[in-house]
Number of protein chains: 2
Amino acid sequence: MGGGGVADLVARARDGQPRAVARLITLVENEAPELREVMARLAPHTGHAYVVGLTGAPGVGKSTTTSALISAFRRAGDRVGVLAVDPSSPFSGGALLGDRVRMVEHVSDPGVYIRSMATRGHLGGLAWAAPQAVRVLDAAGCDVVLVETVGVGQSEVDIAGQADTTAVLVAPGMGDGVQAAKAGILEVGDVFVVNKADRDGADATVRELNHMLGLGAPRGPGDWRPPVVKAVAARGEGVDEVVAALGRHRGWLTDRGELGARRTRRAAREIEAIAVTALRRRMAGVADGRRLAALAERVAEGGTDPYAAADELLAGLTGGGSAAGRGR
Amino acid sequence: MGGGGVADLVARARDGQPRAVARLITLVENEAPELREVMARLAPHTGHAYVVGLTGAPGVGKSTTTSALISAFRRAGDRVGVLAVDPSSPFSGGALLGDRVRMVEHVSDPGVYIRSMATRGHLGGLAWAAPQAVRVLDAAGCDVVLVETVGVGQSEVDIAGQADTTAVLVAPGMGDGVQAAKAGILEVGDVFVVNKADRDGADATVRELNHMLGLGAPRGPGDWRPPVVKAVAARGEGVDEVVAALGRHRGWLTDRGELGARRTRRAAREIEAIAVTALRRRMAGVADGRRLAALAERVAEGGTDPYAAADELLAGLTGGGSAAGRGR
């Protein structure tokens, strides 16, 4: 694809043409060389979208909740982008299942763009790909971008946690509060949703979450206290309350100047992921990868340790000395 | 801790003293500066352990299977180390729950060392920490090291997939074959275990897995064909068959010279993770982090794009030019 092709593609994506948006996100999935130009052209048009992360264990109803939130934001007139990086989500199963049953009502809506993303095995991984895909949806004119990730897995929780507002979903009877804490998703939640709240134990789950959230660091008077909202997303119950809670958090972010700070932190992670991926590519390329292979053989045989090997690898990369430094 | 302290600690860990092993893995969890010396001292004593990865979705019975495998390896006289990096595993819940009920029979066995590991939020993450913890268990004289990770999440699946032999667990009635494929764990499996095989649908799951495995790339006559084994780990049924399948894979690895190749690949990933973490630390340290913060602000405001920012960051790091290179 030549420069003219990229310029045209970006112009059509900014015009909201779904196929152009799809093509740009495919470039992200493929770690395509054109991305550098794509991102340069998109940059002036980013920063409009409100980015909401949704995460939770498999089975808590993330996809149903995402679908209900799409409807709610659409009623408010927002253009909505959805990025599903949850491998267990029906949104993500396209290639294998085509199971998007719940999304039928949104598929024909030109104000909604839904995209699942697969990155497994790519060099940069989720930390590299997801923010760039969000950037595409943002520049394409989405007012809200929902990022759905499974709340199990380090990379996946990190991605959801880098939204403007992160909603953590739990369901009654899954030992959920404790499970959430163990999976590290309590820390990233700005809003908690106890979904399937018509089930037994919903109130106990709300109490448990409130208790665990109260155990955190003492908060100042203006600090954000994550609310716990009950919902039955499959029936649309509680969805307005969830949207209201997201809105309150967004207002708090704006009032406190925290929105800009969060976005700067997100950009820092994005820059870092691109830089690290470039460095990994360079490391793999040192002496056509033979240096890393030779070092790895020595480590596998016990002839040296991985820190000393990393030093040698980095010395070849940067011309520096004890590059891996100390453990810390 | 001084140099003498580290030497003493390593000597006691090599002597199989559980508290010394525990302390070394805590150093890994804490990304402690002493690790460089620890790993240098351990290196000559590594490469003995047979490393088995166990992964699968929450609820398939990973912990029960791990426990049953411990018993089987113990009956064969092996010293066994277990590293549980599964946040949903009872082995990993120590700090919150102390729920190790199933492990009671093993806790008092000096031939078994069980350790859960938490790495969330650490700079290097799982890719950095897990192989170093395995290295500790290996050098401490374990004949077998079982690495249990949840089969959801990019980092977690990658960790299990870097074992000598990787066992993927599924359970009937979880839409498991397709789910496994979506989560990317089909590719990493050397042995498949259909656990809870007394449930309805076990045979269908076996057929489905065999079918999906058959869809892979055509195999040569000497290539490994992952077997699918039925088990009811909670009752010990099928566990000997699982151990036998692991043993056949181990034999195949050895006969083909593939064991060394796998270990070299694992060492390469380990070296790379250490090098990348060192580089990330350096990037965060460029101009005390002010350069990354300033670049991130410009990206968040749309004043530049993340690739151009990564270039600038890397130029400061390595003195080079267009460091992030092309997208690819």
# chains A, B, ... in the order shown; residues from 1 in each chain; ligands from 1

call {"tool": "residues_around", "arguments": {"residues": "segment 214-231 of chain B", "least_positions_apart": "4", "cutoff": "9 Å", "atoms": "only C-alpha atoms", "output": "PyMOL selection string"}}
result
chain B and resi 65+187+189-198+202-203+206-207+209-210+235-239+241-242+245+249+252-253+256

call {"tool": "residues_around", "arguments": {"residues": "Leu317 of chain A", "least_positions_apart": "4", "cutoff": "9 Å", "atoms": "only C-alpha atoms", "output": "PDB file with N, CA and C atoms, in the first residue's frame"}}
result
ATOM      1  N   LEU A 279      12.508  -2.698  20.213  1.00  0.00           N
ATOM      2  CA  LEU A 279      13.756  -3.197  20.791  1.00  0.00           C
ATOM      3  C   LEU A 279      13.822  -4.721  20.739  1.00  0.00           C
ATOM      4  N   ARG A 282      14.749  -5.629  17.385  1.00  0.00           N
ATOM      5  CA  ARG A 282      16.184  -5.412  17.179  1.00  0.00           C
ATOM      6  C   ARG A 282      17.014  -6.501  17.830  1.00  0.00           C
ATOM      7  N   MET A 283      16.588  -6.904  19.059  1.00  0.00           N
ATOM      8  CA  MET A 283      17.341  -7.967  19.741  1.00  0.00           C
ATOM      9  C   MET A 283      17.307  -9.243  18.927  1.00  0.00           C
ATOM     10  N   VAL A 286      19.842  -8.983  16.137  1.00  0.00           N
ATOM     11  CA  VAL A 286      21.285  -8.856  16.352  1.00  0.00           C
ATOM     12  C   VAL A 286      21.980 -10.083  15.770  1.00  0.00           C
ATOM     13  N   GLU A 312      25.017  -9.421  27.688  1.00  0.00           N
ATOM     14  CA  GLU A 312      25.738  -9.583  26.424  1.00  0.00           C
ATOM     15  C   GLU A 312      24.854  -9.191  25.247  1.00  0.00           C
ATOM     16  N   LEU A 313      23.592  -9.595  25.319  1.00  0.00           N
ATOM     17  CA  LEU A 313      22.660  -9.270  24.234  1.00  0.00           C
ATOM     18  C   LEU A 313      22.502  -7.754  24.105  1.00  0.00           C
TER      19      LEU A 313
ATOM     20  N   THR B 318      19.468   5.062  23.421  1.00  0.00           N
ATOM     21  CA  THR B 318      20.563   4.349  22.770  1.00  0.00           C
ATOM     22  C   THR B 318      21.430   5.263  21.927  1.00  0.00           C
TER      23      THR B 318
END

call {"tool": "residues_around", "arguments": {"residues": "Leu126 of chain A", "least_positions_apart": "5", "cutoff": "10 Å", "atoms": "only C-alpha atoms", "output": "short mmCIF file (atom, residue, chain, number, x, y, z; two decimals) with C-alpha atoms, in the first residue's frame"}}
result
data_model
loop_
_atom_site.label_atom_id
_atom_site.label_comp_id
_atom_site.auth_asym_id
_atom_site.auth_seq_id
_atom_site.Cartn_x
_atom_site.Cartn_y
_atom_site.Cartn_z
CA GLU A 29 -3.48 -7.01 14.10
CA VAL A 85 -10.15 -8.64 23.10
CA MET A 117 -9.29 -8.57 17.92
CA ALA A 118 -6.87 -11.49 17.99
CA THR A 119 -3.25 -10.81 18.80
CA ARG A 120 -1.95 -14.12 20.09
CA GLY A 121 1.58 -14.82 19.06
CA PRO A 131 -4.30 0.95 22.40
CA GLN A 132 -3.63 1.39 18.68
CA SER A 155 -2.23 -8.49 29.97
CA GLU A 156 -6.01 -8.57 29.68
CA ASP A 158 -3.99 -4.34 32.32
CA ILE A 159 -5.67 -3.39 29.03
CA ALA A 273 4.92 -0.83 24.22
CA GLY B 153 -4.84 -14.70 29.17
CA GLN B 154 -1.98 -14.19 26.80
CA SER B 155 0.88 -14.19 29.32
#

call {"tool": "decode", "arguments": {"residues": "segment 126-273 of chain B", "atoms": "C-alpha atoms", "output": "compact mmCIF listing (two decimals), in the first residue's frame"}}
result
# COMPACT_ATOMS: atom_id res chain seq x y z
CA LEU B 126 4.95 -13.27 34.34
CA ALA B 127 7.30 -13.66 31.39
CA TRP B 128 10.08 -12.34 33.58
CA ALA B 129 9.23 -14.00 36.90
CA ALA B 130 7.93 -17.49 36.11
CA PRO B 131 11.04 -18.87 34.34
CA GLN B 132 13.27 -17.59 37.14
CA ALA B 133 11.09 -19.29 39.75
CA VAL B 134 11.25 -22.53 37.72
CA ARG B 135 15.03 -22.11 37.65
CA VAL B 136 15.07 -21.94 41.45
CA LEU B 137 13.01 -25.14 41.78
CA ASP B 138 15.20 -26.87 39.19
CA ALA B 139 18.43 -25.97 40.97
CA ALA B 140 16.88 -26.97 44.31
CA GLY B 141 16.85 -30.56 43.06
CA CYS B 142 13.30 -31.06 41.82
CA ASP B 143 13.06 -33.89 39.31
CA VAL B 144 9.74 -32.59 38.02
CA VAL B 145 8.46 -29.01 38.09
CA LEU B 146 4.74 -28.53 37.44
CA VAL B 147 3.78 -25.04 36.30
CA GLU B 148 0.05 -24.40 36.64
CA THR B 149 -1.42 -21.39 34.87
CA VAL B 150 -4.96 -20.40 34.01
CA GLY B 151 -5.64 -21.02 30.33
CA VAL B 152 -7.13 -17.60 29.75
CA GLY B 153 -4.84 -14.70 29.17
CA GLN B 154 -1.98 -14.19 26.80
CA SER B 155 0.88 -14.19 29.32
CA GLU B 156 -0.51 -17.15 31.25
CA VAL B 157 -0.91 -19.40 28.21
CA ASP B 158 2.55 -18.40 27.00
CA ILE B 159 4.11 -19.43 30.33
CA ALA B 160 2.52 -22.88 30.31
CA GLY B 161 3.43 -23.28 26.66
CA GLN B 162 7.10 -22.89 27.42
CA ALA B 163 7.38 -26.10 29.41
CA ASP B 164 9.14 -29.24 28.19
CA THR B 165 5.68 -30.78 27.94
CA THR B 166 2.44 -28.83 28.12
CA ALA B 167 -0.78 -30.49 29.24
CA VAL B 168 -4.01 -28.71 28.33
CA LEU B 169 -7.04 -29.57 30.45
CA VAL B 170 -10.62 -29.30 29.29
CA ALA B 171 -13.86 -30.50 30.83
CA PRO B 172 -17.01 -31.74 29.13
CA GLY B 173 -19.87 -29.35 28.61
CA MET B 174 -17.91 -26.14 28.59
CA GLY B 175 -17.94 -25.73 24.80
CA ASP B 176 -14.38 -26.56 25.56
CA GLY B 177 -12.82 -27.50 22.24
CA VAL B 178 -13.92 -24.32 20.61
CA GLN B 179 -13.18 -22.28 23.72
CA ALA B 180 -9.71 -23.78 23.87
CA ALA B 181 -9.09 -22.91 20.25
CA LYS B 182 -10.31 -19.35 20.82
CA ALA B 183 -8.08 -18.91 23.84
CA GLY B 184 -5.14 -20.15 21.78
CA ILE B 185 -4.37 -23.08 24.04
CA LEU B 186 -4.80 -25.75 21.36
CA GLU B 187 -1.49 -24.70 19.83
CA VAL B 188 0.48 -25.13 23.05
CA GLY B 189 -0.85 -28.56 24.04
CA ASP B 190 1.38 -31.63 23.80
CA VAL B 191 -1.07 -33.72 25.79
CA PHE B 192 -4.79 -33.05 26.20
CA VAL B 193 -6.69 -34.17 29.26
CA VAL B 194 -10.48 -34.34 29.25
CA ASN B 195 -10.99 -34.12 32.99
CA LYS B 196 -14.27 -34.77 34.81
CA ALA B 197 -14.74 -37.48 32.20
CA ASP B 198 -17.57 -39.05 34.22
CA ARG B 199 -19.74 -36.17 33.08
CA ASP B 200 -22.05 -36.29 30.09
CA GLY B 201 -20.43 -35.35 26.84
CA ALA B 202 -16.90 -36.52 27.66
CA ASP B 203 -16.67 -38.71 24.58
CA ALA B 204 -18.01 -35.93 22.38
CA THR B 205 -15.34 -33.63 23.80
CA VAL B 206 -12.64 -36.20 23.04
CA ARG B 207 -13.92 -36.51 19.47
CA GLU B 208 -14.12 -32.76 19.07
CA LEU B 209 -10.56 -32.28 20.30
CA ASN B 210 -9.23 -35.06 18.09
CA HIS B 211 -11.02 -33.48 15.17
CA MET B 212 -9.63 -30.01 15.85
CA LEU B 213 -6.13 -31.37 16.40
CA GLY B 214 -6.41 -33.20 13.09
CA LEU B 215 -7.17 -29.91 11.35
CA GLY B 216 -3.69 -28.64 12.13
CA ALA B 217 -0.76 -28.67 9.76
CA PRO B 218 -0.10 -32.05 8.13
CA ARG B 219 2.40 -34.01 10.18
CA GLY B 220 5.37 -36.07 9.12
CA PRO B 221 5.72 -39.72 10.16
CA GLY B 222 7.95 -38.97 13.18
CA ASP B 223 6.04 -35.91 14.36
CA TRP B 224 4.22 -35.74 17.66
CA ARG B 225 0.48 -36.25 17.56
CA PRO B 226 -0.99 -34.87 20.83
CA PRO B 227 -2.97 -37.61 22.56
CA VAL B 228 -6.33 -36.92 24.23
CA VAL B 229 -6.64 -38.68 27.58
CA LYS B 230 -9.77 -39.00 29.73
CA ALA B 231 -9.46 -38.59 33.48
CA VAL B 232 -11.41 -38.02 36.66
CA ALA B 233 -8.60 -36.49 38.66
CA ALA B 234 -10.68 -36.08 41.81
CA ARG B 235 -10.95 -39.89 42.00
CA GLY B 236 -7.48 -40.55 40.64
CA GLU B 237 -8.92 -42.16 37.50
CA GLY B 238 -6.89 -41.79 34.33
CA VAL B 239 -4.01 -40.15 36.16
CA ASP B 240 -1.60 -42.98 35.35
CA GLU B 241 -2.59 -42.59 31.70
CA VAL B 242 -1.85 -38.87 31.88
CA VAL B 243 1.55 -39.59 33.43
CA ALA B 244 2.21 -42.18 30.72
CA ALA B 245 1.30 -39.69 27.99
CA LEU B 246 3.63 -37.11 29.54
CA GLY B 247 6.35 -39.75 29.63
CA ARG B 248 5.84 -40.66 25.97
CA HIS B 249 6.14 -37.02 25.02
CA ARG B 250 9.27 -36.68 27.10
CA GLY B 251 10.73 -39.71 25.36
CA TRP B 252 9.83 -38.30 21.96
CA LEU B 253 11.46 -34.96 22.87
CA THR B 254 14.64 -36.74 23.88
CA ASP B 255 14.76 -39.09 20.89
CA ARG B 256 14.30 -36.24 18.47
CA GLY B 257 16.79 -33.92 20.14
CA GLU B 258 13.80 -31.62 20.61
CA LEU B 259 14.21 -31.35 24.39
CA GLY B 260 17.38 -29.30 24.03
CA ALA B 261 15.78 -27.19 21.31
CA ARG B 262 12.78 -26.43 23.52
CA ARG B 263 14.98 -25.52 26.46
CA THR B 264 17.05 -23.26 24.28
CA ARG B 265 13.89 -21.52 23.09
CA ARG B 266 12.74 -21.18 26.70
CA ALA B 267 16.11 -19.72 27.70
CA ALA B 268 15.90 -17.28 24.78
CA ARG B 269 12.52 -16.04 26.04
CA GLU B 270 13.93 -15.76 29.54
CA ILE B 271 16.96 -13.77 28.42
CA GLU B 272 14.75 -11.57 26.30
CA ALA B 273 12.35 -10.90 29.18
